[in-house]
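File shown: data.txt. Contents: compact mmCIF, C-alpha atoms.
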# COMPACT_ATOMS: atom_id res chain seq x y z
CA MET A 52 28.29 -72.43 -19.74
CA ARG A 53 29.38 -69.26 -17.88
CA LYS A 54 26.51 -67.07 -16.69
CA LEU A 55 26.60 -63.54 -18.07
CA THR A 56 26.26 -60.55 -15.74
CA PRO A 57 23.31 -58.32 -16.75
CA PRO A 58 24.37 -54.92 -18.17
CA THR A 59 22.38 -53.14 -15.45
CA ARG A 60 24.80 -54.59 -12.91
CA ILE A 61 27.91 -53.91 -14.96
CA ILE A 62 27.25 -50.17 -15.27
CA PRO A 63 27.28 -49.31 -11.52
CA VAL A 64 30.39 -51.46 -11.02
CA ALA A 65 32.14 -49.67 -13.90
CA ILE A 66 31.24 -46.30 -12.38
CA LEU A 67 32.74 -47.27 -9.03
CA ALA A 68 35.84 -48.69 -10.70
CA LEU A 69 36.45 -45.39 -12.48
CA GLY A 70 35.91 -43.45 -9.27
CA LEU A 71 32.94 -41.57 -10.66
CA ALA A 72 30.23 -40.37 -8.30
CA PRO A 73 26.62 -40.72 -9.51
CA ALA A 74 26.30 -36.90 -9.50
CA ALA A 75 28.92 -36.76 -12.24
CA LEU A 76 26.39 -38.39 -14.56
CA ALA A 77 23.55 -35.98 -13.70
CA ALA A 78 21.98 -33.91 -16.42
CA PRO A 79 20.42 -30.45 -16.06
CA ARG A 80 16.67 -30.35 -16.65
CA THR A 81 14.30 -27.52 -17.49
CA TYR A 82 11.57 -26.64 -15.00
CA GLU A 83 8.56 -24.46 -15.80
CA ILE A 84 6.82 -22.60 -12.98
CA ASP A 85 3.18 -23.66 -12.81
CA PRO A 86 1.17 -20.40 -13.15
CA GLU A 87 -1.66 -21.96 -11.15
CA HIS A 88 0.69 -22.42 -8.19
CA PHE A 89 2.75 -19.23 -8.28
CA SER A 90 2.24 -16.73 -5.44
CA ILE A 91 4.08 -13.39 -5.61
CA GLY A 92 3.58 -11.37 -2.46
CA PHE A 93 5.15 -8.39 -0.73
CA MET A 94 4.95 -6.39 2.49
CA ILE A 95 5.84 -2.73 2.91
CA GLY A 96 5.58 -0.33 5.84
CA HIS A 97 2.82 2.29 5.90
CA VAL A 98 3.55 5.40 8.00
CA GLY A 99 5.09 3.12 10.62
CA TYR A 100 1.69 1.75 11.66
CA GLU A 101 1.59 -1.52 9.73
CA LYS A 102 3.08 -3.57 6.95
CA MET A 103 0.69 -3.51 4.04
CA LEU A 104 0.24 -6.77 2.15
CA GLY A 105 0.11 -6.89 -1.64
CA MET A 106 0.43 -9.31 -4.51
CA PHE A 107 1.19 -9.54 -8.19
CA LEU A 108 -1.38 -11.81 -9.80
CA GLU A 109 0.47 -12.61 -13.03
CA GLY A 110 3.96 -14.00 -13.45
CA GLN A 111 5.83 -16.73 -15.26
CA GLY A 112 9.25 -18.28 -15.17
CA SER A 113 11.52 -21.23 -15.89
CA PHE A 114 14.96 -22.45 -14.90
CA VAL A 115 17.52 -25.11 -15.74
CA TYR A 116 18.62 -27.10 -12.70
CA ASP A 117 20.65 -30.23 -11.98
CA GLU A 118 19.02 -31.84 -8.98
CA LEU A 119 21.91 -34.21 -8.22
CA THR A 120 24.67 -31.60 -8.28
CA HIS A 121 22.41 -28.71 -7.10
CA ASP A 122 23.77 -26.62 -9.95
CA LEU A 123 21.46 -23.90 -11.29
CA LYS A 124 22.40 -23.24 -14.92
CA SER A 125 19.98 -20.39 -15.66
CA GLY A 126 16.60 -19.00 -14.74
CA THR A 127 14.23 -16.12 -15.42
CA VAL A 128 11.07 -14.90 -13.70
CA THR A 129 8.91 -12.20 -15.26
CA ILE A 130 6.17 -10.40 -13.34
CA GLN A 131 3.46 -8.30 -14.99
CA SER A 132 3.65 -5.04 -13.07
CA ASP A 133 0.07 -3.99 -13.82
CA SER A 134 -1.22 -7.17 -12.16
CA LEU A 135 -0.56 -5.58 -8.75
CA PHE A 136 -3.33 -6.08 -6.19
CA THR A 137 -3.59 -4.64 -2.66
CA ASN A 138 -7.36 -5.01 -2.19
CA HIS A 139 -7.93 -1.25 -2.53
CA GLN A 140 -8.65 0.20 -5.98
CA LYS A 141 -7.42 3.77 -5.41
CA ARG A 142 -4.22 2.52 -3.76
CA ASP A 143 -3.65 0.08 -6.62
CA GLU A 144 -4.01 2.93 -9.11
CA HIS A 145 -1.50 5.03 -7.16
CA VAL A 146 1.07 2.24 -6.89
CA LYS A 147 0.73 1.59 -10.64
CA SER A 148 1.36 5.29 -11.37
CA ASP A 149 4.76 6.89 -12.04
CA ASP A 150 5.14 7.54 -8.28
CA PHE A 151 5.89 3.84 -7.92
CA LEU A 152 5.79 1.13 -10.63
CA ASN A 153 5.01 3.33 -13.66
CA VAL A 154 3.30 0.40 -15.39
CA ASP A 155 2.57 2.40 -18.55
CA ASP A 156 6.29 2.67 -19.33
CA TYR A 157 7.57 -0.46 -17.56
CA GLY A 158 5.17 -3.33 -18.01
CA THR A 159 7.33 -6.04 -16.47
CA ILE A 160 9.65 -6.73 -13.55
CA THR A 161 12.31 -9.33 -14.38
CA PHE A 162 14.58 -11.46 -12.22
CA LYS A 163 17.49 -13.31 -13.83
CA ALA A 164 19.06 -16.01 -11.73
CA GLY A 165 22.79 -16.29 -11.19
CA LYS A 166 24.58 -18.64 -8.81
CA LEU A 167 22.89 -20.92 -6.29
CA GLU A 168 24.93 -21.65 -3.17
CA THR A 169 23.75 -24.58 -1.05
CA GLU A 170 25.34 -27.13 1.23
CA ASP A 171 22.48 -29.56 1.60
CA GLY A 172 20.43 -29.05 -1.55
CA LYS A 173 17.45 -28.03 0.59
CA THR A 174 18.28 -24.47 1.63
CA GLY A 175 20.60 -21.90 0.13
CA THR A 176 21.19 -18.44 -1.29
CA LEU A 177 20.38 -17.51 -4.87
CA SER A 178 22.07 -14.48 -6.37
CA GLY A 179 20.80 -12.71 -9.45
CA THR A 180 19.67 -9.40 -10.89
CA LEU A 181 16.33 -7.61 -10.75
CA THR A 182 15.27 -5.22 -13.48
CA MET A 183 12.58 -2.72 -12.50
CA LEU A 184 11.80 0.80 -13.75
CA GLY A 185 14.51 0.36 -16.39
CA GLN A 186 17.27 -0.23 -13.82
CA THR A 187 19.07 -3.49 -13.03
CA HIS A 188 20.65 -4.23 -9.65
CA PRO A 189 21.92 -7.36 -7.88
CA VAL A 190 19.70 -9.17 -5.38
CA GLU A 191 20.00 -12.25 -3.16
CA LEU A 192 17.17 -14.59 -2.18
CA ASP A 193 16.95 -17.14 0.61
CA VAL A 194 15.52 -20.28 -1.01
CA THR A 195 14.10 -23.50 0.40
CA LEU A 196 13.30 -26.66 -1.54
CA ASN A 197 10.16 -27.91 0.18
CA LYS A 198 9.54 -31.05 -1.84
CA ALA A 199 10.73 -32.84 -4.97
CA ALA A 200 8.52 -35.69 -6.19
CA GLU A 201 5.98 -36.80 -8.76
CA TYR A 202 2.72 -34.90 -8.27
CA PRO A 203 0.14 -37.08 -6.49
CA PHE A 204 -2.78 -36.07 -8.76
CA GLY A 205 -3.60 -33.89 -11.75
CA HIS A 206 -0.64 -33.62 -14.12
CA GLU A 207 1.35 -36.26 -12.13
CA GLU A 208 4.65 -34.82 -13.37
CA TYR A 209 7.86 -34.53 -11.37
CA THR A 210 7.62 -31.23 -9.48
CA LEU A 211 9.77 -29.04 -7.25
CA GLY A 212 8.08 -26.97 -4.53
CA ILE A 213 10.08 -23.87 -3.63
CA SER A 214 9.87 -20.95 -1.19
CA ALA A 215 11.98 -17.82 -1.67
CA ARG A 216 12.36 -14.63 0.36
CA THR A 217 14.27 -11.39 -0.01
CA THR A 218 14.12 -7.75 1.09
CA LEU A 219 14.59 -4.98 -1.46
CA GLN A 220 15.32 -1.30 -0.98
CA ARG A 221 13.02 0.15 -3.62
CA SER A 222 14.90 3.47 -3.69
CA LYS A 223 17.83 1.65 -5.38
CA TRP A 224 15.60 1.39 -8.45
CA GLY A 225 14.61 5.06 -8.24
CA MET A 226 11.27 4.37 -6.54
CA ASP A 227 11.62 6.84 -3.68
CA TYR A 228 8.10 8.27 -3.28
CA GLY A 229 7.28 8.67 0.43
CA VAL A 230 10.65 7.41 1.66
CA GLU A 231 11.97 10.68 3.08
CA LYS A 232 9.15 11.16 5.61
CA ASN A 233 8.60 7.42 6.09
CA LEU A 234 5.10 7.63 4.65
CA VAL A 235 5.88 4.46 2.71
CA GLY A 236 8.74 2.21 3.73
CA ASP A 237 11.87 1.81 1.65
CA ASP A 238 12.28 -1.87 2.50
CA VAL A 239 10.01 -4.26 0.62
CA GLU A 240 9.78 -7.84 1.85
CA VAL A 241 9.22 -10.15 -1.12
CA ILE A 242 7.55 -13.54 -0.74
CA LEU A 243 7.65 -16.14 -3.52
CA GLU A 244 5.95 -19.54 -3.35
CA PHE A 245 5.75 -21.79 -6.38
CA GLU A 246 5.68 -25.23 -7.91
CA ALA A 247 7.89 -25.95 -10.93
CA ILE A 248 7.20 -28.86 -13.28
CA ARG A 249 10.07 -30.77 -14.89
CA GLN A 250 9.87 -30.74 -18.67
The structure given in the file should be rewritten as structure tokens.
Amino acid sequence: MRKLTPPTRIIPVAILALGLAPAALAAPRTYEIDPEHFSIGFMIGHVGYEKMLGMFLEGQGSFVYDELTHDLKSGTVTIQSDSLFTNHQKRDEHVKSDDFLNVDDYGTITFKAGKLETEDGKTGTLSGTLTMLGQTHPVELDVTLNKAAEYPFGHEEYTLGISARTTLQRSKWGMDYGVEKNLVGDDVEVILEFEAIRQ
């Protein structure tokens, strides 16, 4: 009697026979940013003496990504503007005022992802738009995929670890307090570090 080839062996052979790369069979998956591992930092010049460090303590986001083809289908990150923290109460109150973030009228800052360009799947440039103070402008972020694997403890789910950096000119969004005399820098260096769990 002729021995039958197991289906698990037939499928890869059929793929090769049709000239299909494994990436052609990849499916986009949804990833949720873990709020417990989401750091949103920034640095901005202060009268030319230093770069002040600050953070936003509350943010959330998700994206749809195909890990095999490195194709980002969509993504949104929302930051609660009144969660700003610079370790100085009076300064925090000023930055939350209408001189800067105007948190009473604009409670969130939102990034919507566009196209991800990458050659190796590890580093690349992510384009998108940032909405702040009621204005939306294009931005680009340098992104690095640090690790992609099942989490070694806790939730034990498949997780992506990502670093992202960009520099914004805040005056483009109408936030120009202190720019003219260089009391507060126009350029804001943004630092994002997060873990995203596959759903």
*Residues at most 8 Å from region 237-239 of chain A, counting all atoms listed in the file, excluding those fewer than 3 positions away in the same chain, as a ChimeraX atom specification?*
/A:93-96,218-222,227,230,233
*Compare A:Arg142, A:Lys147, A:His188, A:His121 by their minimum atom-to-atom distance to Thr174 (chain A), counting only C-alpha atoms, and give me the closest one.*
A:His121
_Give me, as JSON, numbers by chain, all polymer residues having an atom no more than 9 Å from Thr159 (chain A), counting all atoms listed in the file and skipping those fewer than 4 positions away in the same chain._
{"A": [129, 130, 131, 132, 133, 154, 182, 183, 184]}
_Just checking: using all atoms listed in the file, which residue out of A:Gly175, A:Gly229, A:Gly165, A:Gly110 ends up closest to Val98 (chain A)?_
A:Gly229
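Going from CA of Glu244 (chain A) over to CA of Tyr116 (chain A), you cover 17.5 Å.
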*Counting all atoms listed in the file, figure out which residue out of A:Thr81, A:Ser90, A:Gly105, A:Gly172 gets nearest to Val146 (chain A).*
A:Gly105
*Which residue, A:Val241, A:Lys223, A:Lys166, A:Thr195, has the smallest gap to Met103 (chain A) when you use only C-alpha atoms?*
A:Val241
*Residue among A:Leu108, A:Phe162, A:Glu201, A:Leu167 lying closest to Phe136 (chain A), counting all atoms listed in the file*: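 Closest candidate: A:Leu108.
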*Which of these, A:Gly205, A:His88, A:Ile160, A:Gly99, has the shortest distance to Lys232 (chain A) once you count only C-alpha atoms?*
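Ranked by minimum distance to Lys232 (chain A), first place goes to A:Gly99.
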*Please indicate the distance in Å from CA of Asp171 (chain A) to CA of Ser113 (chain A), rounded to one decimal place.*
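One can read the CA of Asp171 (chain A) to CA of Ser113 (chain A) distance as 22.3 Å.
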